[in-house]
Each structure stands twice: as structure tokens, then as C-alpha cells.
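Text of my_file-v7.tsv (TSV, C-alpha atoms) as supplied:
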```
chain	number	residue	atom	x	y	z
A	19	MET	CA	-123.32	50.44	-120.97
A	20	ARG	CA	-124.69	49.04	-124.20
A	21	VAL	CA	-127.94	47.49	-123.00
A	22	LEU	CA	-130.20	45.07	-124.85
A	23	LEU	CA	-133.76	45.76	-123.71
A	24	THR	CA	-136.18	43.00	-124.67
A	25	GLY	CA	-139.84	43.99	-124.79
A	26	HIS	CA	-138.94	47.60	-125.51
A	27	GLN	CA	-142.29	48.10	-127.30
A	28	GLY	CA	-144.29	46.82	-124.36
A	29	TYR	CA	-146.01	48.58	-121.46
A	30	LEU	CA	-142.93	48.61	-119.20
A	31	GLY	CA	-140.28	48.77	-121.91
A	32	THR	CA	-141.74	51.95	-123.38
A	33	VAL	CA	-141.32	53.63	-119.99
A	34	MET	CA	-137.94	52.07	-119.24
A	35	ALA	CA	-136.10	52.85	-122.49
A	36	PRO	CA	-136.00	56.64	-122.01
A	37	VAL	CA	-135.00	56.23	-118.35
A	38	LEU	CA	-132.00	54.14	-119.39
A	39	THR	CA	-131.10	56.57	-122.17
A	40	ALA	CA	-131.29	59.51	-119.77
A	41	ALA	CA	-128.87	57.65	-117.48
A	42	GLY	CA	-126.33	57.61	-120.30
A	43	HIS	CA	-126.75	54.05	-121.58
A	44	GLU	CA	-126.97	53.03	-125.22
A	45	VAL	CA	-130.23	51.11	-125.55
A	46	VAL	CA	-130.78	48.44	-128.20
A	47	GLY	CA	-134.37	47.24	-128.40
A	48	LEU	CA	-135.65	43.74	-129.15
A	49	ASP	CA	-139.35	43.07	-129.58
A	50	SER	CA	-141.69	41.01	-131.73
A	51	GLY	CA	-143.92	44.06	-132.17
A	52	LEU	CA	-147.13	42.29	-131.16
A	53	PHE	CA	-148.21	45.25	-129.03
A	54	ALA	CA	-146.34	48.07	-130.74
A	55	GLU	CA	-149.58	49.71	-131.93
A	56	CYS	CA	-151.27	49.72	-128.51
A	57	VAL	CA	-150.65	53.44	-128.13
A	58	LEU	CA	-152.65	55.98	-126.14
A	59	GLY	CA	-151.50	59.56	-126.66
A	60	PRO	CA	-148.42	60.69	-128.56
A	61	SER	CA	-146.46	57.96	-130.33
A	62	PRO	CA	-143.52	56.92	-128.17
A	63	ALA	CA	-139.96	57.29	-129.37
A	64	ASP	CA	-138.33	53.87	-129.57
A	65	PRO	CA	-134.56	53.37	-129.26
A	66	PRO	CA	-132.80	54.30	-132.52
A	67	GLN	CA	-131.49	50.75	-132.84
A	68	GLY	CA	-133.84	47.81	-132.49
A	69	HIS	CA	-134.45	44.24	-133.58
A	70	ARG	CA	-137.93	43.11	-134.59
A	71	VAL	CA	-137.65	39.44	-133.74
A	72	ASP	CA	-139.59	36.85	-131.76
A	73	LEU	CA	-137.87	35.96	-128.49
A	74	ARG	CA	-137.80	32.32	-129.58
A	75	ASP	CA	-135.77	33.27	-132.67
A	76	VAL	CA	-133.02	35.29	-130.99
A	77	SER	CA	-129.52	34.47	-132.22
A	78	ALA	CA	-125.99	35.14	-131.02
A	79	ASP	CA	-125.89	38.17	-133.34
A	80	HIS	CA	-128.54	39.92	-131.26
A	81	VAL	CA	-126.41	39.85	-128.11
A	82	ALA	CA	-123.03	40.51	-129.74
A	83	GLY	CA	-121.30	43.58	-128.33
A	84	VAL	CA	-123.82	43.97	-125.50
A	85	ASP	CA	-122.70	44.75	-121.94
A	86	ALA	CA	-125.97	43.95	-120.18
A	87	VAL	CA	-129.41	42.55	-120.90
A	88	ILE	CA	-132.69	43.72	-119.37
A	89	HIS	CA	-135.19	41.01	-120.15
A	90	LEU	CA	-138.83	42.15	-120.01
A	91	ALA	CA	-140.32	40.30	-123.01
A	92	ALA	CA	-142.91	37.66	-122.10
A	93	LEU	CA	-146.52	36.63	-122.36
A	94	SER	CA	-147.21	39.10	-119.66
A	95	ASN	CA	-150.14	38.17	-117.45
A	96	ASP	CA	-152.15	35.32	-116.00
A	97	PRO	CA	-155.02	35.26	-118.56
A	98	LEU	CA	-152.52	35.16	-121.42
A	99	GLY	CA	-150.54	32.46	-119.70
A	100	SER	CA	-153.59	30.32	-119.09
A	101	LEU	CA	-154.80	30.72	-122.70
A	102	ALA	CA	-152.07	28.42	-123.97
A	103	PRO	CA	-149.85	27.11	-121.16
A	104	GLU	CA	-147.50	25.35	-123.57
A	105	LEU	CA	-146.80	28.66	-125.33
A	106	THR	CA	-146.25	30.37	-122.00
A	107	TYR	CA	-143.55	27.87	-121.10
A	108	ASP	CA	-142.06	27.98	-124.59
A	109	ILE	CA	-141.80	31.78	-124.64
A	110	ASN	CA	-141.48	32.78	-121.01
A	111	HIS	CA	-139.34	29.87	-119.83
A	112	HIS	CA	-137.40	28.12	-122.60
A	113	ALA	CA	-136.77	31.17	-124.78
A	114	SER	CA	-135.72	33.25	-121.76
A	115	VAL	CA	-133.17	30.68	-120.61
A	116	ARG	CA	-131.87	30.32	-124.17
A	117	LEU	CA	-131.41	34.11	-124.35
A	118	ALA	CA	-129.48	34.03	-121.07
A	119	ARG	CA	-127.18	31.27	-122.34
A	120	LEU	CA	-126.49	33.20	-125.54
A	121	ALA	CA	-125.80	36.32	-123.49
A	122	ARG	CA	-123.36	34.52	-121.22
A	123	GLU	CA	-121.54	33.01	-124.20
A	124	ALA	CA	-121.30	36.51	-125.74
A	125	GLY	CA	-119.63	37.92	-122.62
A	126	VAL	CA	-122.64	39.79	-121.21
A	127	ARG	CA	-121.87	40.42	-117.56
A	128	ARG	CA	-125.24	41.45	-116.10
A	129	PHE	CA	-128.67	40.00	-116.91
A	130	LEU	CA	-131.64	41.67	-115.23
A	131	TYR	CA	-134.66	39.40	-115.37
A	132	ALA	CA	-138.19	40.76	-114.93
A	133	SER	CA	-139.78	38.27	-112.58
A	134	THR	CA	-142.91	38.87	-110.49
A	135	CYS	CA	-144.27	38.88	-106.97
A	136	SER	CA	-146.89	36.48	-108.33
A	137	VAL	CA	-144.36	33.72	-107.58
A	138	TYR	CA	-145.61	33.92	-103.96
A	139	GLY	CA	-149.11	33.01	-105.15
A	140	ALA	CA	-151.31	31.79	-102.32
A	141	ALA	CA	-148.99	33.01	-99.57
A	142	GLY	CA	-151.85	33.93	-97.24
A	143	GLY	CA	-151.34	35.06	-93.65
A	144	ASP	CA	-150.63	38.51	-92.31
A	145	ASP	CA	-146.83	38.48	-92.45
A	146	LEU	CA	-144.93	40.36	-95.13
A	147	VAL	CA	-143.46	38.01	-97.70
A	148	GLY	CA	-139.71	38.31	-98.27
A	149	GLU	CA	-137.56	36.91	-101.03
A	150	ASP	CA	-136.72	33.76	-99.07
A	151	ALA	CA	-140.36	32.80	-98.54
A	152	PRO	CA	-141.70	29.62	-100.17
A	153	LEU	CA	-142.74	30.11	-103.78
A	154	ARG	CA	-146.33	29.01	-104.43
A	155	PRO	CA	-147.22	30.00	-108.01
A	156	VAL	CA	-150.83	29.27	-108.93
A	157	THR	CA	-150.78	30.11	-112.68
A	158	PRO	CA	-148.68	29.06	-115.69
A	159	TYR	CA	-147.38	32.65	-115.91
A	160	ALA	CA	-146.05	32.64	-112.35
A	161	GLU	CA	-144.76	29.08	-112.67
A	162	SER	CA	-142.80	30.05	-115.79
A	163	LYS	CA	-141.11	32.83	-113.82
A	164	VAL	CA	-140.07	30.42	-111.05
A	165	ARG	CA	-138.57	28.05	-113.61
A	166	VAL	CA	-136.56	30.81	-115.27
A	167	GLU	CA	-135.19	32.02	-111.94
A	168	ASP	CA	-134.03	28.48	-111.10
A	169	ASP	CA	-132.34	27.97	-114.48
A	170	LEU	CA	-130.69	31.40	-114.53
A	171	HIS	CA	-129.35	30.88	-111.02
A	172	ALA	CA	-127.58	27.77	-112.30
A	173	LEU	CA	-125.94	29.86	-115.05
A	174	ALA	CA	-124.45	32.38	-112.61
A	175	ASP	CA	-120.67	32.38	-112.40
A	176	GLY	CA	-117.76	34.73	-111.85
A	177	ASP	CA	-118.45	36.60	-115.08
A	178	PHE	CA	-122.22	36.32	-115.54
A	179	SER	CA	-124.54	37.91	-112.97
A	180	PRO	CA	-128.26	37.28	-113.29
A	181	VAL	CA	-130.51	39.40	-111.06
A	182	PHE	CA	-134.13	38.50	-110.39
A	183	MET	CA	-136.37	41.55	-110.17
A	184	ARG	CA	-139.69	40.39	-108.72
A	185	ASN	CA	-141.94	43.28	-109.66
A	186	ALA	CA	-145.15	43.95	-107.81
A	187	THR	CA	-148.26	44.40	-109.98
A	188	ALA	CA	-147.55	47.33	-112.25
A	189	PHE	CA	-149.75	50.40	-112.63
A	190	GLY	CA	-149.57	53.85	-114.17
A	191	TYR	CA	-149.65	55.56	-117.53
A	192	SER	CA	-147.43	54.33	-120.35
A	193	PRO	CA	-147.70	55.48	-123.96
A	194	ARG	CA	-148.20	51.79	-124.75
A	195	LEU	CA	-151.00	51.28	-122.32
A	196	ARG	CA	-152.32	48.15	-120.68
A	197	ALA	CA	-155.88	48.20	-119.38
A	198	ASP	CA	-155.82	44.62	-118.10
A	199	ILE	CA	-153.90	45.23	-114.88
A	200	VAL	CA	-155.83	46.03	-111.76
A	201	LEU	CA	-155.44	49.78	-111.13
A	202	ASN	CA	-155.37	50.73	-114.81
A	203	ASN	CA	-158.48	48.62	-115.35
A	204	LEU	CA	-160.45	49.99	-112.42
A	205	VAL	CA	-159.72	53.62	-113.35
A	206	GLY	CA	-160.78	53.01	-116.94
A	207	HIS	CA	-163.99	51.28	-115.91
A	208	ALA	CA	-164.77	54.10	-113.48
A	209	LEU	CA	-164.40	56.78	-116.16
A	210	LEU	CA	-166.32	54.91	-118.83
A	211	SER	CA	-169.19	53.55	-116.72
A	212	GLY	CA	-169.25	55.48	-113.46
A	213	GLU	CA	-168.59	52.25	-111.55
A	214	VAL	CA	-165.41	50.90	-109.98
A	215	LEU	CA	-166.25	47.29	-110.70
A	216	VAL	CA	-164.54	44.59	-108.62
A	217	LEU	CA	-165.40	41.06	-109.73
A	218	SER	CA	-163.75	39.30	-106.79
A	219	ASP	CA	-164.83	39.70	-103.16
A	220	GLY	CA	-162.24	42.47	-102.74
A	221	THR	CA	-160.34	40.81	-99.90
A	222	PRO	CA	-157.10	39.66	-101.60
A	223	TRP	CA	-153.95	41.63	-100.88
A	224	ARG	CA	-152.01	42.99	-103.82
A	225	PRO	CA	-148.62	44.71	-103.90
A	226	LEU	CA	-148.55	47.46	-106.54
A	227	VAL	CA	-145.73	49.47	-108.13
A	228	HIS	CA	-145.70	52.23	-110.74
A	229	ALA	CA	-144.10	51.52	-114.12
A	230	ALA	CA	-141.75	54.49	-113.61
A	231	ASP	CA	-140.55	53.10	-110.27
A	232	ILE	CA	-139.87	49.75	-111.93
A	233	ALA	CA	-137.79	51.55	-114.56
A	234	ARG	CA	-135.82	53.41	-111.88
A	235	ALA	CA	-135.20	50.16	-109.98
A	236	PHE	CA	-133.84	48.41	-113.06
A	237	ALA	CA	-131.61	51.38	-113.86
A	238	ALA	CA	-130.24	51.26	-110.31
A	239	ALA	CA	-129.65	47.50	-110.40
A	240	LEU	CA	-127.88	47.79	-113.74
A	241	THR	CA	-124.96	49.72	-112.25
A	242	ALA	CA	-125.03	48.45	-108.66
A	243	PRO	CA	-121.88	46.78	-107.29
A	244	ARG	CA	-121.73	43.14	-108.33
A	245	GLU	CA	-121.57	41.87	-104.77
A	246	ALA	CA	-124.82	43.67	-103.95
A	247	VAL	CA	-126.94	42.03	-106.63
A	248	HIS	CA	-125.20	38.92	-108.03
A	249	ALA	CA	-127.66	36.02	-108.41
A	250	ARG	CA	-130.07	37.58	-105.92
A	251	ALA	CA	-133.83	38.03	-105.99
A	252	PHE	CA	-135.38	41.39	-105.12
A	253	ASN	CA	-138.99	42.36	-104.56
A	254	ILE	CA	-139.60	45.65	-106.38
A	255	GLY	CA	-142.19	47.97	-104.88
A	256	SER	CA	-143.09	49.70	-101.62
A	257	GLU	CA	-144.87	48.49	-98.49
A	258	ILE	CA	-147.21	51.51	-98.64
A	259	ASN	CA	-148.65	50.02	-101.83
A	260	ASN	CA	-149.58	46.69	-100.22
A	261	VAL	CA	-153.35	47.10	-100.48
A	262	THR	CA	-156.47	44.98	-100.76
A	263	VAL	CA	-158.42	45.04	-103.99
A	264	ALA	CA	-161.27	46.75	-102.12
A	265	GLU	CA	-158.87	49.46	-100.93
A	266	ILE	CA	-157.64	49.97	-104.50
A	267	ALA	CA	-161.25	50.43	-105.58
A	268	GLU	CA	-161.87	53.05	-102.88
A	269	GLN	CA	-158.82	55.03	-103.99
A	270	VAL	CA	-160.02	54.89	-107.59
A	271	ALA	CA	-163.41	56.25	-106.49
A	272	GLU	CA	-161.60	59.15	-104.83
A	273	ALA	CA	-159.66	59.87	-108.04
A	274	VAL	CA	-162.68	59.65	-110.37
A	275	SER	CA	-165.32	62.00	-109.05
A	276	GLY	CA	-168.79	60.49	-108.92
A	277	ALA	CA	-167.68	56.90	-109.46
A	278	LYS	CA	-169.29	54.28	-107.24
A	279	VAL	CA	-167.56	51.18	-105.92
A	280	VAL	CA	-169.33	47.94	-106.87
A	281	ILE	CA	-167.92	44.72	-105.43
A	282	SER	CA	-169.86	42.00	-107.25
A	283	GLY	CA	-168.00	39.01	-105.87
A	284	GLU	CA	-169.05	37.02	-108.93
A	285	THR	CA	-165.63	35.40	-109.37
A	286	GLY	CA	-165.40	34.50	-105.67
A	287	ALA	CA	-162.28	34.62	-103.55
A	288	ASP	CA	-159.00	34.93	-105.44
A	289	PRO	CA	-156.33	32.49	-104.15
A	290	ARG	CA	-153.59	34.97	-105.02
A	291	SER	CA	-153.19	37.07	-101.88
A	292	TYR	CA	-149.92	38.31	-100.45
A	293	ARG	CA	-148.31	41.33	-98.79
A	294	VAL	CA	-144.70	41.88	-99.69
A	295	ASP	CA	-141.54	43.05	-97.93
A	296	PHE	CA	-139.48	45.29	-100.22
A	297	SER	CA	-136.65	46.14	-97.83
A	298	ARG	CA	-133.95	43.95	-99.40
A	299	PHE	CA	-133.65	46.13	-102.50
A	300	ARG	CA	-133.51	49.32	-100.45
A	301	THR	CA	-130.66	47.78	-98.43
A	302	ALA	CA	-128.78	46.68	-101.55
A	303	ILE	CA	-129.31	50.03	-103.29
A	304	PRO	CA	-128.95	52.76	-100.64
A	305	GLY	CA	-131.09	55.78	-101.39
A	306	PHE	CA	-133.57	53.97	-103.61
A	307	GLY	CA	-137.25	54.41	-102.85
A	308	CYS	CA	-140.47	54.23	-104.82
A	309	GLU	CA	-142.02	57.62	-105.58
A	310	TRP	CA	-145.55	56.67	-106.61
A	311	THR	CA	-148.53	55.81	-104.42
A	312	VAL	CA	-151.69	54.09	-105.60
A	313	ASN	CA	-153.70	57.28	-105.12
A	314	ARG	CA	-151.28	59.39	-107.14
A	315	GLY	CA	-151.25	56.74	-109.87
A	316	ALA	CA	-155.04	56.69	-110.04
A	317	LEU	CA	-155.10	60.45	-110.49
A	318	GLU	CA	-152.41	60.25	-113.21
A	319	LEU	CA	-154.33	57.56	-115.09
A	320	ALA	CA	-157.64	59.39	-114.89
A	321	ALA	CA	-156.02	62.55	-116.24
A	322	ALA	CA	-154.30	60.69	-119.10
A	323	TYR	CA	-157.47	58.78	-120.02
A	324	ARG	CA	-159.39	62.06	-120.23
A	325	GLU	CA	-156.65	63.95	-122.08
A	326	PHE	CA	-156.13	61.28	-124.73
A	327	GLY	CA	-159.79	60.31	-125.13
A	328	LEU	CA	-159.92	56.71	-123.94
A	329	THR	CA	-162.89	54.94	-125.52
A	330	ARG	CA	-164.68	51.77	-124.51
A	331	ASP	CA	-163.37	50.00	-127.61
A	332	ASP	CA	-159.81	51.04	-126.69
A	333	PHE	CA	-160.35	49.88	-123.15
A	334	GLU	CA	-161.81	46.49	-123.98
A	335	GLN	CA	-159.88	45.66	-127.15
A	336	ARG	CA	-156.80	47.69	-128.04
A	337	PHE	CA	-155.33	47.86	-124.54
A	338	THR	CA	-156.24	44.36	-123.36
A	339	ARG	CA	-153.47	41.94	-124.27
A	340	LEU	CA	-155.66	38.87	-124.68
A	341	ALA	CA	-158.07	40.74	-126.97
A	342	VAL	CA	-155.19	42.04	-129.10
A	343	LEU	CA	-153.79	38.56	-129.64
A	344	ARG	CA	-157.21	37.10	-130.41
A	345	ALA	CA	-157.86	39.83	-132.98
A	346	ALA	CA	-154.47	39.26	-134.61
A	347	SER	CA	-155.13	35.53	-134.74
A	348	GLU	CA	-158.63	35.92	-136.20
A	349	ALA	CA	-157.25	38.32	-138.83
A	350	GLY	CA	-154.61	35.78	-139.81
A	351	ALA	CA	-151.78	38.12	-138.82
A	352	VAL	CA	-150.25	35.60	-136.40
A	353	ASP	CA	-150.18	31.83	-136.45
A	354	ASP	CA	-151.05	29.36	-133.70
A	355	THR	CA	-147.68	29.91	-132.07
A	356	LEU	CA	-148.22	33.71	-131.93
A	357	ARG	CA	-145.55	34.34	-134.54
A	358	TRP	CA	-146.19	36.85	-137.31
A	359	ARG	CA	-147.16	35.25	-140.59
A	360	ARG	CA	-144.70	36.13	-143.33
```
Let me see whether you can do it: turn the structure in this file into C-alpha cells.
Amino acid sequence: MRVLLTGHQGYLGTVMAPVLTAAGHEVVGLDSGLFAECVLGPSPADPPQGHRVDLRDVSADHVAGVDAVIHLAALSNDPLGSLAPELTYDINHHASVRLARLAREAGVRRFLYASTCSVYGAAGGDDLVGEDAPLRPVTPYAESKVRVEDDLHALADGDFSPVFMRNATAFGYSPRLRADIVLNNLVGHALLSGEVLVLSDGTPWRPLVHAADIARAFAAALTAPREAVHARAFNIGSEINNVTVAEIAEQVAEAVSGAKVVISGETGADPRSYRVDFSRFRTAIPGFGCEWTVNRGALELAAAYREFGLTRDDFEQRFTRLAVLRAASEAGAVDDTLRWRR
């Protein structure tokens, strides 16, 4: 297929593009480039064809001749979403739905949307949460994902198949690193300070999934039979990686020799706590299974951080999305709407 991959210069897109290319697809990238320089290690090879454009400025030309869209681009975590909720809804919600409408009008048949398990929010309880559970988003980021799912579902028809890929919290090495997601953050803090610092009380449950497993899941959904995926939501991850934050910290301490777990509890209990059932995707895509555990991911991250010389400045500034945007704003590189200044 000829696949438009939005967010191809992001944390997940940088991992996903070569997976799609290796599967025989022609990948066309689309990215604003806000995080293109957040590189740890060798510079990644981007798709040979790409559009540098803000998601809000996408036109029909960008989706012309495309067979499928994989839509990753977004303000990509809760702190970013809470920084400016109106921008979160403008980018994550309105621009995403507009892209889907343009894609449908252009004859795109499959639209894979990167949603999140954060839509379950304060699920609580001990039961595994499946795709039909009530959605209880507690942040603008998660709320924007719920809104997009609803609007894309209404666009589904006999020719246009949206698929809602509710990813667990990502982890693992990517050439365009993020240090502001839980496992990546804890491993970095452990290496740089000798402490695995947990600011919450450590009790919330989190479902985790490696970036490479997300890429494999999207590649599988791209070519799955229409009847298996049409207008359906899928949790992406593995039950073995349903872990508490305290358990994540203990596995990081095992991966980083000499590191000590410190649970400060200074931010109190986190209302976002949920354990997730991932069986629907395995049923829809026979033979699919996640390959990465939290422990293996912690070891991979620690090795990459050492090999490529992660510094404290990198950790706190260059690989933290909120810090990158603040620096770009203070330097006058982007305006108040997070668009590049011309």
C-alpha cells in the first residue's frame, strides 16, 4: 500500500516507518517537525517522501493517491494536553477529524487512528478493562482521543474503515527518544542519579507496551481483513505488562545495577489506574503477540542510554516534550498556537 504516516518524526513514527517499509509498503511521511531534532544515537532515516506541514494545515493534496492513513500525530501526553487544553482539542480532535474527512473524500480505504488506553482513566477495580468498558478520561489529552473515536466512527461506511488502536503506555528505545513516559523516565533517572524516583504513591496500575510492538500491531491491522477490524477499537499491549508503578520501579532497579527505589508520594495518589484486557486484537489478528516485557525494555533503555551518552540536560530538556515546546516558544521559533514562525 501507499501509506501516509502522520507523526513520522515522532517517538513512535520513527520506529514505525521502517517496519512498514520492511513489510513492502510505500511510506509517505507527514510531520510538523517540532520534535525532529530530539535524537539520541545515530540520526534516523526518514521516509524518502515526506510533507513538513502542521496537522491543522493538511490539504486534499496531502492525501491524494494514498491507500491508507496511519495517524499518530498529536500533542502526545497529559502534561502537554493540560498546558493548553484549547490547543489539544484543536490539534488532537478537530484537525484529526478533518484529516479523516479529507482521506475519505480522497478514496482512502483504511484509517488507523492512534488512540490510547488512557481513555479508561479512573477505571479502578481489579477487573481487566476491555474495549466495551465505560470511558472515563480524566485529562484533555484522553478526552480528545475519545472525541476523535466518536467522530471517526460516524464517518465509517462501506468504503472507509477507521480502526481505533488504543495503545498502552509506550516504552522502549527510539532514535527520537522521549524521556517523559514512565519507564523511559525511570530508567534515565536511575542512571543519572542512582535513584528510581517515583513521585506518586506507586499504587496505580499501568498497562505498558514497547514502541516496536505498537509498530508491529499497526502493520498487522493495516492488512487485516476488513471484517476483522472495520470501525472497531482494539487495546494494544499484553496482559503481562499490566504493572503497578511501584513494580515498574523495582524492575528498573534490577536493570540498573546499584539504583535504589525511592517512592516519595509527593504527588499523592494518581486517579489514572487501570488494568487492560488485550485479547480482542489477538483474536482479530491470529498469531499476533507482543514480544517485549517491561524488564527487557528497561535493560534495552539502560544499554542505549549508556551507549549514546545520555546527559542530564538531554534527559530534562531535549527529550521532554513540554520542555522542547517551551524552549521553542521562548526562542521565538513557534507562535502561541505552536506553529513555526515563518
query = Taking into account all atoms listed in the file, which residue in the set A:Val312, A:Ala174, A:Val261, A:Ala78 is nearest to Val247 of chain A?
reply =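 Under the stated criterion, the closest residue is A:Ala174.
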Which residue of A:Leu209, A:Val21, A:Ala63, A:Leu93 approaches His80 of chain A most closely, using all atoms listed in the file =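 The shortest atom-to-atom distance to His80 of chain A comes from A:Val21.
With atom CA of Glu348 of chain A on one side and atom CA of Gly28 of chain A on the other, the separation reads 21.6 Å.
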inquiry  = Let me make sure I understand: among A:Ala230, A:Ala188, A:Ala271, A:Ala121, which one has the smallest atom-to-atom distance to Ala316 of chain A if we use only C-alpha atoms?
reply    = A:Ala271
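Atom CA of Ile199 of chain A is positioned 12.3 Å from atom CA of Leu30 of chain A.
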inquiry  = For a quick check of understanding, using all atoms listed in the file, which of A:Ser162, A:Ser61, A:Asn259, A:Thr32 has the smallest distance to Ala233 of chain A?
reply    = A:Thr32
query = Between atom CA of Ala113 of chain A and atom CA of Arg224 of chain A, what is the spacing in Å?
reply =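 So the two atoms, atom CA of Arg224 of chain A and atom CA of Ala113 of chain A, lie 28.5 Å apart.
Closest approach to Leu195 of chain A among A:Gly42, A:Val279, A:Pro62, A:Arg360 is made by A:Pro62 (distances from only C-alpha atoms).
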task = May I have the protein, DNA and RNA residues with an atom at most 9 Å from (-150.7, 44.5, -101.9), counting all atoms listed in the file in the file's coordinates, returned as a VMD selection string?
result = chain A and resid 186 to 187 222 to 226 257 to 263 291 to 294
Using the selection just defined, write its residues with C-alpha atoms as an mmCIF file, keeping the file's coordinate frame.
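Wrote out_33.cif, looks like this:
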```
data_model
loop_
_atom_site.group_PDB
_atom_site.id
_atom_site.type_symbol
_atom_site.label_atom_id
_atom_site.label_comp_id
_atom_site.auth_asym_id
_atom_site.auth_seq_id
_atom_site.Cartn_x
_atom_site.Cartn_y
_atom_site.Cartn_z
ATOM 1 C CA ALA A 186 -145.150 43.950 -107.810
ATOM 2 C CA THR A 187 -148.260 44.400 -109.980
ATOM 3 C CA PRO A 222 -157.100 39.660 -101.600
ATOM 4 C CA TRP A 223 -153.950 41.630 -100.880
ATOM 5 C CA ARG A 224 -152.010 42.990 -103.820
ATOM 6 C CA PRO A 225 -148.620 44.710 -103.900
ATOM 7 C CA LEU A 226 -148.550 47.460 -106.540
ATOM 8 C CA GLU A 257 -144.870 48.490 -98.490
ATOM 9 C CA ILE A 258 -147.210 51.510 -98.640
ATOM 10 C CA ASN A 259 -148.650 50.020 -101.830
ATOM 11 C CA ASN A 260 -149.580 46.690 -100.220
ATOM 12 C CA VAL A 261 -153.350 47.100 -100.480
ATOM 13 C CA THR A 262 -156.470 44.980 -100.760
ATOM 14 C CA VAL A 263 -158.420 45.040 -103.990
ATOM 15 C CA SER A 291 -153.190 37.070 -101.880
ATOM 16 C CA TYR A 292 -149.920 38.310 -100.450
ATOM 17 C CA ARG A 293 -148.310 41.330 -98.790
ATOM 18 C CA VAL A 294 -144.700 41.880 -99.690
#
```
query = Pick the closest to Glu161 of chain A from A:Glu265, A:Glu104, A:Glu149, A:Glu123: which is it, counting all atoms listed in the file?
reply =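 Ranked by minimum distance to Glu161 of chain A, first place goes to A:Glu104.
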task = Counting only C-alpha atoms, write as a list in words all protein and nucleic acid residues lying at most 12 Å from (-131.8, 46.6, -97.4) in the file's frame.
result = Gly148, Glu149, Ala246, Val247, Phe252, Asn253, Ile254, Asp295, Phe296, Ser297, Arg298, Phe299, Arg300, Thr301, Ala302, Ile303, Pro304, Gly305, Phe306 and Gly307 of chain A
request  = Determine, counting only C-alpha atoms, which protein, DNA and RNA residues have an atom within 12 Å of an atom of Pro60 of chain A; residues of the same chain fewer than 2 positions away are not included. Present the result as a list in words.
outcome  = Glu55, Cys56, Val57, Leu58, Pro62, Ala63, Ser192, Pro193, Arg194, Leu195, Ala322, Glu325, Phe326 and Gly327 of chain A
Compile the contact shell of Arg344 of chain A as a tab-separated table (two decimals) with C-alpha atoms, in the coordinates of the input: residues with an atom at most 12 Å away, counting all atoms listed in the file, same-chain residues fewer than 3 positions apart removed.
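This went into result-v1.tsv:
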```tsv
chain	number	residue	atom	x	y	z
A	52	LEU	CA	-147.13	42.29	-131.16
A	98	LEU	CA	-152.52	35.16	-121.42
A	101	LEU	CA	-154.80	30.72	-122.70
A	102	ALA	CA	-152.07	28.42	-123.97
A	335	GLN	CA	-159.88	45.66	-127.15
A	336	ARG	CA	-156.80	47.69	-128.04
A	338	THR	CA	-156.24	44.36	-123.36
A	339	ARG	CA	-153.47	41.94	-124.27
A	340	LEU	CA	-155.66	38.87	-124.68
A	341	ALA	CA	-158.07	40.74	-126.97
A	347	SER	CA	-155.13	35.53	-134.74
A	348	GLU	CA	-158.63	35.92	-136.20
A	349	ALA	CA	-157.25	38.32	-138.83
A	350	GLY	CA	-154.61	35.78	-139.81
A	351	ALA	CA	-151.78	38.12	-138.82
A	352	VAL	CA	-150.25	35.60	-136.40
A	353	ASP	CA	-150.18	31.83	-136.45
A	354	ASP	CA	-151.05	29.36	-133.70
A	356	LEU	CA	-148.22	33.71	-131.93
```
Excluding Ala251 of chain A and its own-chain neighbours fewer than 6 positions away, which residues fall within 7 Å of it when counting only C-alpha atoms? Please give them as an mmCIF file with C-alpha atoms, in the coordinates of the input.
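File selection_2.cif, as written:
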```
data_model
loop_
_atom_site.group_PDB
_atom_site.id
_atom_site.type_symbol
_atom_site.label_atom_id
_atom_site.label_comp_id
_atom_site.auth_asym_id
_atom_site.auth_seq_id
_atom_site.Cartn_x
_atom_site.Cartn_y
_atom_site.Cartn_z
ATOM 1 C CA GLU A 149 -137.560 36.910 -101.030
ATOM 2 C CA VAL A 181 -130.510 39.400 -111.060
ATOM 3 C CA PHE A 182 -134.130 38.500 -110.390
ATOM 4 C CA MET A 183 -136.370 41.550 -110.170
ATOM 5 C CA ARG A 184 -139.690 40.390 -108.720
#
```
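When the distance limit is 6 Å and only C-alpha atoms are what count, the residues near Gly139 of chain A, minus those fewer than 6 positions from it on the same chain, are Arg154, Pro155, Val156 and Arg290 of chain A.
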Enclose the full set of atoms of segment 202-217 of chain A listed in the file within a box whose edges lie along x, y and z, apply 8 Å of padding to each of the six sides, and report centre and edge lengths in Å to one decimal as AutoDock Vina command-line options.
```
--center_x -162.3 --center_y 48.9 --center_z -113.7 --size_x 29.9 --size_y 31.7 --size_z 26.2
```
key: Residues near Ala249 of chain A, cut-off 10 Å, all atoms listed in the file, skip fewer than 4 positions along chain, as number ranges by chain   = A: 128-130, 167, 170-175, 178-182, 244-245
With the input short on atoms, add N, CA and C atoms back to segment 243-254 of chain A and write it as a short mmCIF file (atom, residue, chain, number, x, y, z; two decimals), in the coordinates of the input.
```
data_model
loop_
_atom_site.label_atom_id
_atom_site.label_comp_id
_atom_site.auth_asym_id
_atom_site.auth_seq_id
_atom_site.Cartn_x
_atom_site.Cartn_y
_atom_site.Cartn_z
N PRO A 243 -123.05 47.66 -107.46
CA PRO A 243 -121.88 46.78 -107.29
C PRO A 243 -122.27 45.31 -107.44
N ARG A 244 -121.42 44.54 -108.06
CA ARG A 244 -121.73 43.14 -108.33
C ARG A 244 -122.09 42.38 -107.07
N GLU A 245 -121.34 42.63 -106.00
CA GLU A 245 -121.57 41.87 -104.77
C GLU A 245 -122.92 42.18 -104.14
N ALA A 246 -123.52 43.30 -104.51
CA ALA A 246 -124.82 43.67 -103.95
C ALA A 246 -125.98 42.96 -104.63
N VAL A 247 -125.80 42.55 -105.88
CA VAL A 247 -126.94 42.03 -106.63
C VAL A 247 -126.72 40.67 -107.25
N HIS A 248 -125.51 40.15 -107.29
CA HIS A 248 -125.20 38.92 -108.03
C HIS A 248 -126.08 37.75 -107.61
N ALA A 249 -126.84 37.22 -108.58
CA ALA A 249 -127.66 36.02 -108.41
C ALA A 249 -128.64 36.15 -107.24
N ARG A 250 -129.13 37.35 -107.03
CA ARG A 250 -130.07 37.58 -105.92
C ARG A 250 -131.44 37.95 -106.47
N ALA A 251 -132.46 37.64 -105.68
CA ALA A 251 -133.83 38.03 -105.99
C ALA A 251 -134.20 39.26 -105.17
N PHE A 252 -134.94 40.17 -105.79
CA PHE A 252 -135.38 41.39 -105.12
C PHE A 252 -136.85 41.64 -105.42
N ASN A 253 -137.62 41.87 -104.38
CA ASN A 253 -138.99 42.36 -104.56
C ASN A 253 -138.92 43.85 -104.89
N ILE A 254 -139.65 44.27 -105.92
CA ILE A 254 -139.60 45.65 -106.38
C ILE A 254 -140.96 46.30 -106.13
#
```
